[in-house]
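Step one of this worksheet: look at the structure below.
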Amino acid sequence: MAKPIIAFVTGGYSSEDVISYKSAINIEKFIDREKYEVYRIDITPQSWFHKTPEGAVVPVDKHDFSLRINDQRIRFDAVFIGIHGTPGEDGKLQGYLDMMGLPYTSCDVTSSAITFNKRYTVAVAGASGYHVARSKHLFKHSFNKNSLSQLGLRLPVFVKPNNGGSSIGMSKVHRSEELESAIEKAFLEDDQVLVEEYIQGREFTIGVYRSKGKSVTLPFTEIISENDFFDFEAKYQGKSSEVTPAECTDVMTKQIQEAAKGIYDVFNCRGVVRMDFIYSPIDNAPYLLEINTIPGQTAASIIPQQVAAAGMELGEFYTLLIEEALSHKKKD
Ligand SMILES: Nc1ncnc2c1ncn2[C@@H]1O[C@H](COP(=O)(O)OP(=O)(O)O)[C@@H](O)[C@H]1O
Ligand SMILES: [Mg+2]
């Protein structure tokens with residue numbers, strides 16, 4: 001039987017393309033070429049293209065997301081999405097692929113778009129009964145400094161660009177005098193800002209995926225930051241340590257796994273996602289911070305570590321994701 005033909009897409013239109021290309025190294029190394037015929041496609045603002053082993057650059061035919069190589073038309077059975085940031089993580093590419101009738105390895109349009117917006121994520125999770133921090137959503141076009149005293153939030157707070165990632169433009173604010181400049185800094189990154197109460201506690205991050213119709217959690221990780229929070233330096237310059245699997249009581253472990261699985265189902269997720277939680281010792285509950293629907297796949301990233309802790313090869317794990325996508329393929 002012919003192997004399924006998979007497009008692996010990388011790149012992207014945002015500054016996170018750097019991380020996409022780092023993830024691509026690992027994905028290309030581990031994706032199972034015995035099982036699948038794989039074509040890498042770079043999606044960049046300038047062009048969408050495939051580079052053949054001979055070095056020819058072949059543009060993607062955007063009418064049906066196909067390639068024409070040596071007079072042969074190549075159509076895909078599924079798309080493996082490895083793009084961090086827009087358009088691979090915010091639902092745009094998912095919408096296009098839906099219109100082309102192609103299944104893919106990530107969340108659908110709606111789940112991707114909502115989870116790309118931190119405030120809408122916690123709003124939906126909160127409305128479904130999960131613990132989230134109290135917060136306010138500010139928009140650049142209607143932001144009014146005079147209303148800062150009426151935010152109604154308890155200090156300290158986190159001020160975050162609402163759609164951002166990698167902790168860029170984010171601040172932890174301890175005193176009300178610092179609030180305005182922190183909000184202005186976040187507005188430099190995004191037209192929407194989230195001001196969120198600080199949740200004291202241990203930080204955990206957990207991978208969840210769907211296989212054969214069931215959501216499954218990976219062994220989760222505790223993030224221990226040397227800095228005040230898991231900021232850019234802690235994330236990318238080694239100022240943190242990660243313990244996988246995290247050392248927790250059985251009760252805590254179960255609570256975090258159940259929250260993660262429940263939230264995955266509430267958002268109707270697909271593919272592998274990673275959720276960040278703070279476990280509050282005050283009410284003994286995990287608080288959801290955010291959901292990453294295209295988590296990093298670099299050699300140093302958390303998901304590959306969690307997959308290893310689950311006793312799986314990364315290649316086997318990618319096969320599970322691809323098979324799940326293929327099961328959504330429309331019958332020809
Ligand atoms: N409400 C909060 N309470 C406690 N810590 C927080 C809170 N919000 C963010 N943090 C800290 O800041 C880090 C980055 O925040 P997060 O919302 O995950 O954004 P991103 O990872 O996209 O930059 C978290 O990993 C955590 O260390
Ligand atoms: Mg995070």
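Residue numbers start at 1 in each chain; chains themselves are named A, B, ... in the order of the structure tokens; ligands are numbered from 1 in the order shown.
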Skip Ala308 in chain A itself and residues of its chain fewer than 5 positions away, then list as an mmCIF file with N, CA and C atoms, in the first residue's frame all residues within 12 Å of it, counting only C-alpha atoms.
```cif
data_model
loop_
_atom_site.group_PDB
_atom_site.id
_atom_site.type_symbol
_atom_site.label_atom_id
_atom_site.label_comp_id
_atom_site.auth_asym_id
_atom_site.auth_seq_id
_atom_site.Cartn_x
_atom_site.Cartn_y
_atom_site.Cartn_z
ATOM 1 N N LEU A 218 0.620 13.632 29.374
ATOM 2 C CA LEU A 218 2.016 13.192 29.470
ATOM 3 C C LEU A 218 2.489 13.437 30.903
ATOM 4 N N PRO A 219 3.560 12.767 31.338
ATOM 5 C CA PRO A 219 4.107 13.071 32.671
ATOM 6 C C PRO A 219 4.460 14.565 32.709
ATOM 7 N N PHE A 220 4.039 15.276 33.757
ATOM 8 C CA PHE A 220 4.216 16.737 33.698
ATOM 9 C C PHE A 220 5.481 17.217 34.388
ATOM 10 N N THR A 244 11.095 16.671 35.350
ATOM 11 C CA THR A 244 10.088 15.813 34.702
ATOM 12 C C THR A 244 10.383 14.354 35.035
ATOM 13 N N PRO A 245 9.461 13.598 35.539
ATOM 14 C CA PRO A 245 8.154 14.036 36.035
ATOM 15 C C PRO A 245 8.305 14.825 37.335
ATOM 16 N N ALA A 299 15.132 20.121 20.735
ATOM 17 C CA ALA A 299 15.729 19.079 21.575
ATOM 18 C C ALA A 299 15.603 19.453 23.054
ATOM 19 N N ALA A 300 15.613 20.768 23.361
ATOM 20 C CA ALA A 300 15.553 21.200 24.759
ATOM 21 C C ALA A 300 14.128 21.468 25.231
ATOM 22 N N SER A 301 13.146 21.343 24.350
ATOM 23 C CA SER A 301 11.769 21.705 24.714
ATOM 24 C C SER A 301 11.150 20.709 25.689
ATOM 25 N N ILE A 302 10.059 21.172 26.308
ATOM 26 C CA ILE A 302 9.434 20.385 27.368
ATOM 27 C C ILE A 302 8.689 19.158 26.843
ATOM 28 N N ILE A 303 7.947 19.305 25.750
ATOM 29 C CA ILE A 303 7.171 18.141 25.259
ATOM 30 C C ILE A 303 8.087 16.949 24.947
ATOM 31 N N GLU A 313 9.336 6.879 22.178
ATOM 32 C CA GLU A 313 10.256 7.552 21.246
ATOM 33 C C GLU A 313 9.495 8.720 20.639
ATOM 34 N N LEU A 314 10.216 9.797 20.335
ATOM 35 C CA LEU A 314 9.549 10.960 19.744
ATOM 36 C C LEU A 314 8.900 10.597 18.398
ATOM 37 N N GLY A 315 9.572 9.744 17.633
ATOM 38 C CA GLY A 315 9.028 9.313 16.343
ATOM 39 C C GLY A 315 7.689 8.596 16.498
ATOM 40 N N GLU A 316 7.604 7.745 17.516
ATOM 41 C CA GLU A 316 6.336 7.028 17.775
ATOM 42 C C GLU A 316 5.238 8.022 18.133
ATOM 43 N N PHE A 317 5.635 9.018 18.924
ATOM 44 C CA PHE A 317 4.659 10.025 19.360
ATOM 45 C C PHE A 317 4.136 10.817 18.152
#
```
(Q) At a cut-off of 9 Å, using only C-alpha atoms, what residues contact range 119-135 of chain A? Leave out same-chain residues fewer than 4 positions from it and give the result as a list in words. (A) Ile114, Thr115, Leu151, Gly152, Leu153, Arg154, Val157, Asn162, Asn163, Val193, Leu194, Val195, Glu196, Glu197, Tyr198, Ile199, Ala259, Gly262, Ile263, Val266, Phe267, Ala285, Pro286, Tyr287, Leu288, Leu289, Glu290 and Ile291 of chain A
Q) What lies within 12 Å of Lys185 in chain A using only C-alpha atoms, ignoring chain neighbours under 2 positions off, as an MDAnalysis selection string? A) chainID A and resid 140 159:161 168:172 178:183 187:193
Q.
I want to know what sits within 7 Å of range 110-112 of chain A, based on only C-alpha atoms, with residues of the same chain fewer than 4 positions away left out; could you give that as JSON, numbers by chain?
A. {"A": [89, 90, 91, 116, 267, 268, 269, 293]}
Q. How far is it from CA of Ser47 in chain A to CA of Asp64 in chain A, in Å with one decimal?
A.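 Computing it gives 15.4 Å between the two atoms.
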(Q) Given only C-alpha atoms as the basis, pick out the residue of A:Val216, A:Tyr39, A:Ser149, A:Met100 nearest to Ile74 in chain A. (A)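 Of all the options, A:Tyr39 lies closest to Ile74 in chain A.
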**Q.** Among listed residues A:Glu16, A:Glu323, A:Glu247, A:Glu28, nearest ligand 1 (using only C-alpha atoms and all ligand atoms)
**A.**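 Of the candidates, the smallest distance to ligand 1 is held by A:Glu16.
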Q.
Please determine, counting only C-alpha atoms, which residue among A:Ile6, A:Val18, A:Ala309, A:Met275 has the shortest atom-to-atom distance to Thr105 in chain A.
A.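 Among A:Ile6, A:Val18, A:Ala309, A:Met275, it is A:Ile6 that comes nearest to Thr105 in chain A.
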Q: Could you pull out the residues in range 17-197 of chain A that DSSP calls helix (DSSP H, G or I) from the backbone, as an MDAnalysis selection string?
A: chainID A and resid 17:30 92:100 109:115 118:127 140:142 145:150 176:187
Q | Contact residues around Tyr209 in chain A with only C-alpha atoms at 8 Å, ignoring same-chain residues under 4 positions, as number ranges by chain | A | A: 215-217, 270-273, 321
I want to know what sits within 8 Å of Phe204 in chain A, based on only C-alpha atoms, with residues of the same chain fewer than 4 positions away left out; could you give that as a PDB file with C-alpha atoms, in the first residue's frame?
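out27.pdb written:
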```pdb
ATOM      1  CA  PHE A 220       4.216  16.737  33.698  1.00  0.00           C
ATOM      2  CA  THR A 221       7.035  19.120  34.545  1.00  0.00           C
ATOM      3  CA  GLU A 222       7.731  21.448  37.454  1.00  0.00           C
ATOM      4  CA  ILE A 223       9.336  24.744  36.439  1.00  0.00           C
ATOM      5  CA  ALA A 246       7.430  16.601  38.746  1.00  0.00           C
ATOM      6  CA  ASP A 276       0.769  26.118  32.175  1.00  0.00           C
ATOM      7  CA  PHE A 277      -0.603  25.935  35.715  1.00  0.00           C
ATOM      8  CA  ILE A 278       0.229  27.410  39.108  1.00  0.00           C
ATOM      9  CA  TYR A 279      -0.798  25.137  41.968  1.00  0.00           C
TER      10      TYR A 279
END
```
**Q.** Pairwise distance for CA of Val243 in chain A and CA of Asn292 in chain A, rounded to one decimal in Å
**A.** 19.2 Å
Q) Could you pull the residues within 12 Å of Pro103 in chain A, counting only C-alpha atoms, minus those fewer than 6 positions along the same chain, as JSON, numbers by chain? A) {"A": [5, 6, 7, 65, 76, 77, 78, 79, 80, 81, 93, 94, 95, 96, 97, 109, 270, 271, 321, 322, 323, 324, 325, 326, 327, 328, 329, 330, 331]}
Next, write the just-selected residues to a file, as a PDB file, in the first residue's frame, keeping N, CA and C atoms as the atom set.
```pdb
ATOM      1  N   ILE A   5       0.892  10.618   2.317  1.00  0.00           N
ATOM      2  CA  ILE A   5       1.797  11.732   1.986  1.00  0.00           C
ATOM      3  C   ILE A   5       1.514  12.885   2.953  1.00  0.00           C
ATOM      4  N   ILE A   6       2.550  13.275   3.668  1.00  0.00           N
ATOM      5  CA  ILE A   6       2.408  14.276   4.730  1.00  0.00           C
ATOM      6  C   ILE A   6       3.181  15.541   4.368  1.00  0.00           C
ATOM      7  N   ALA A   7       2.513  16.703   4.520  1.00  0.00           N
ATOM      8  CA  ALA A   7       3.224  17.981   4.403  1.00  0.00           C
ATOM      9  C   ALA A   7       3.617  18.384   5.821  1.00  0.00           C
ATOM     10  N   PHE A  65      -3.302  23.541  -2.185  1.00  0.00           N
ATOM     11  CA  PHE A  65      -2.182  23.154  -1.332  1.00  0.00           C
ATOM     12  C   PHE A  65      -1.502  21.895  -1.885  1.00  0.00           C
ATOM     13  N   PHE A  76      -1.588  16.069  -0.644  1.00  0.00           N
ATOM     14  CA  PHE A  76      -1.284  15.554   0.696  1.00  0.00           C
ATOM     15  C   PHE A  76      -2.484  14.869   1.348  1.00  0.00           C
ATOM     16  N   ASP A  77      -2.156  13.911   2.213  1.00  0.00           N
ATOM     17  CA  ASP A  77      -3.205  13.242   2.995  1.00  0.00           C
ATOM     18  C   ASP A  77      -3.424  13.955   4.321  1.00  0.00           C
ATOM     19  N   ALA A  78      -2.380  14.593   4.855  1.00  0.00           N
ATOM     20  CA  ALA A  78      -2.506  15.331   6.121  1.00  0.00           C
ATOM     21  C   ALA A  78      -1.341  16.311   6.234  1.00  0.00           C
ATOM     22  N   VAL A  79      -1.523  17.304   7.129  1.00  0.00           N
ATOM     23  CA  VAL A  79      -0.500  18.337   7.326  1.00  0.00           C
ATOM     24  C   VAL A  79      -0.044  18.308   8.786  1.00  0.00           C
ATOM     25  N   PHE A  80       1.262  18.227   8.966  1.00  0.00           N
ATOM     26  CA  PHE A  80       1.854  18.285  10.306  1.00  0.00           C
ATOM     27  C   PHE A  80       2.263  19.742  10.522  1.00  0.00           C
ATOM     28  N   ILE A  81       1.592  20.422  11.473  1.00  0.00           N
ATOM     29  CA  ILE A  81       1.858  21.859  11.648  1.00  0.00           C
ATOM     30  C   ILE A  81       2.931  22.074  12.717  1.00  0.00           C
ATOM     31  N   LEU A  93      -4.071  29.311   9.456  1.00  0.00           N
ATOM     32  CA  LEU A  93      -3.692  28.212   8.567  1.00  0.00           C
ATOM     33  C   LEU A  93      -4.725  27.078   8.676  1.00  0.00           C
ATOM     34  N   GLN A  94      -5.226  26.864   9.878  1.00  0.00           N
ATOM     35  CA  GLN A  94      -6.231  25.817  10.093  1.00  0.00           C
ATOM     36  C   GLN A  94      -7.474  26.118   9.251  1.00  0.00           C
ATOM     37  N   GLY A  95      -7.878  27.399   9.193  1.00  0.00           N
ATOM     38  CA  GLY A  95      -9.047  27.776   8.394  1.00  0.00           C
ATOM     39  C   GLY A  95      -8.803  27.499   6.921  1.00  0.00           C
ATOM     40  N   TYR A  96      -7.626  27.860   6.453  1.00  0.00           N
ATOM     41  CA  TYR A  96      -7.276  27.610   5.044  1.00  0.00           C
ATOM     42  C   TYR A  96      -7.291  26.109   4.756  1.00  0.00           C
ATOM     43  N   LEU A  97      -6.673  25.318   5.642  1.00  0.00           N
ATOM     44  CA  LEU A  97      -6.605  23.861   5.405  1.00  0.00           C
ATOM     45  C   LEU A  97      -8.005  23.234   5.452  1.00  0.00           C
ATOM     46  N   VAL A 109      -9.770  25.672  13.988  1.00  0.00           N
ATOM     47  CA  VAL A 109      -9.737  27.136  13.902  1.00  0.00           C
ATOM     48  C   VAL A 109     -10.152  27.790  15.219  1.00  0.00           C
ATOM     49  N   ARG A 270      -7.148  19.265  19.653  1.00  0.00           N
ATOM     50  CA  ARG A 270      -6.625  18.152  18.852  1.00  0.00           C
ATOM     51  C   ARG A 270      -5.111  18.309  18.796  1.00  0.00           C
ATOM     52  N   GLY A 271      -4.416  17.209  18.604  1.00  0.00           N
ATOM     53  CA  GLY A 271      -2.961  17.292  18.565  1.00  0.00           C
ATOM     54  C   GLY A 271      -2.416  17.491  19.959  1.00  0.00           C
ATOM     55  N   LEU A 321       0.247  11.345  16.483  1.00  0.00           N
ATOM     56  CA  LEU A 321      -0.390  12.609  16.082  1.00  0.00           C
ATOM     57  C   LEU A 321      -0.822  12.561  14.616  1.00  0.00           C
ATOM     58  N   ILE A 322       0.026  11.989  13.774  1.00  0.00           N
ATOM     59  CA  ILE A 322      -0.291  11.923  12.335  1.00  0.00           C
ATOM     60  C   ILE A 322      -1.472  10.977  12.105  1.00  0.00           C
ATOM     61  N   GLU A 323      -1.479   9.845  12.798  1.00  0.00           N
ATOM     62  CA  GLU A 323      -2.588   8.893  12.629  1.00  0.00           C
ATOM     63  C   GLU A 323      -3.911   9.528  13.052  1.00  0.00           C
ATOM     64  N   GLU A 324      -3.864  10.299  14.142  1.00  0.00           N
ATOM     65  CA  GLU A 324      -5.082  10.983  14.602  1.00  0.00           C
ATOM     66  C   GLU A 324      -5.567  11.970  13.531  1.00  0.00           C
ATOM     67  N   ALA A 325      -4.613  12.698  12.931  1.00  0.00           N
ATOM     68  CA  ALA A 325      -4.998  13.638  11.857  1.00  0.00           C
ATOM     69  C   ALA A 325      -5.578  12.863  10.669  1.00  0.00           C
ATOM     70  N   LEU A 326      -4.913  11.782  10.281  1.00  0.00           N
ATOM     71  CA  LEU A 326      -5.388  11.007   9.124  1.00  0.00           C
ATOM     72  C   LEU A 326      -6.797  10.457   9.360  1.00  0.00           C
ATOM     73  N   SER A 327      -7.122  10.186  10.644  1.00  0.00           N
ATOM     74  CA  SER A 327      -8.450   9.639  10.922  1.00  0.00           C
ATOM     75  C   SER A 327      -9.535  10.693  10.672  1.00  0.00           C
ATOM     76  N   HIS A 328      -9.116  11.961  10.532  1.00  0.00           N
ATOM     77  CA  HIS A 328     -10.081  13.033  10.232  1.00  0.00           C
ATOM     78  C   HIS A 328     -10.170  13.320   8.738  1.00  0.00           C
ATOM     79  N   LYS A 329      -9.447  12.535   7.953  1.00  0.00           N
ATOM     80  CA  LYS A 329      -9.438  12.786   6.500  1.00  0.00           C
ATOM     81  C   LYS A 329     -10.816  12.493   5.904  1.00  0.00           C
ATOM     82  N   LYS A 330     -11.265  13.417   5.073  1.00  0.00           N
ATOM     83  CA  LYS A 330     -12.551  13.183   4.393  1.00  0.00           C
ATOM     84  C   LYS A 330     -12.354  12.056   3.392  1.00  0.00           C
ATOM     85  N   LYS A 331     -13.337  11.175   3.306  1.00  0.00           N
ATOM     86  CA  LYS A 331     -13.226  10.065   2.343  1.00  0.00           C
ATOM     87  C   LYS A 331     -13.305  10.631   0.932  1.00  0.00           C
TER      88      LYS A 331
END
```
Q: Please indicate the distance in Å from CA of Ala56 in chain A to CA of Lys35 in chain A, rounded to one decimal place.
A: 24.7 Å
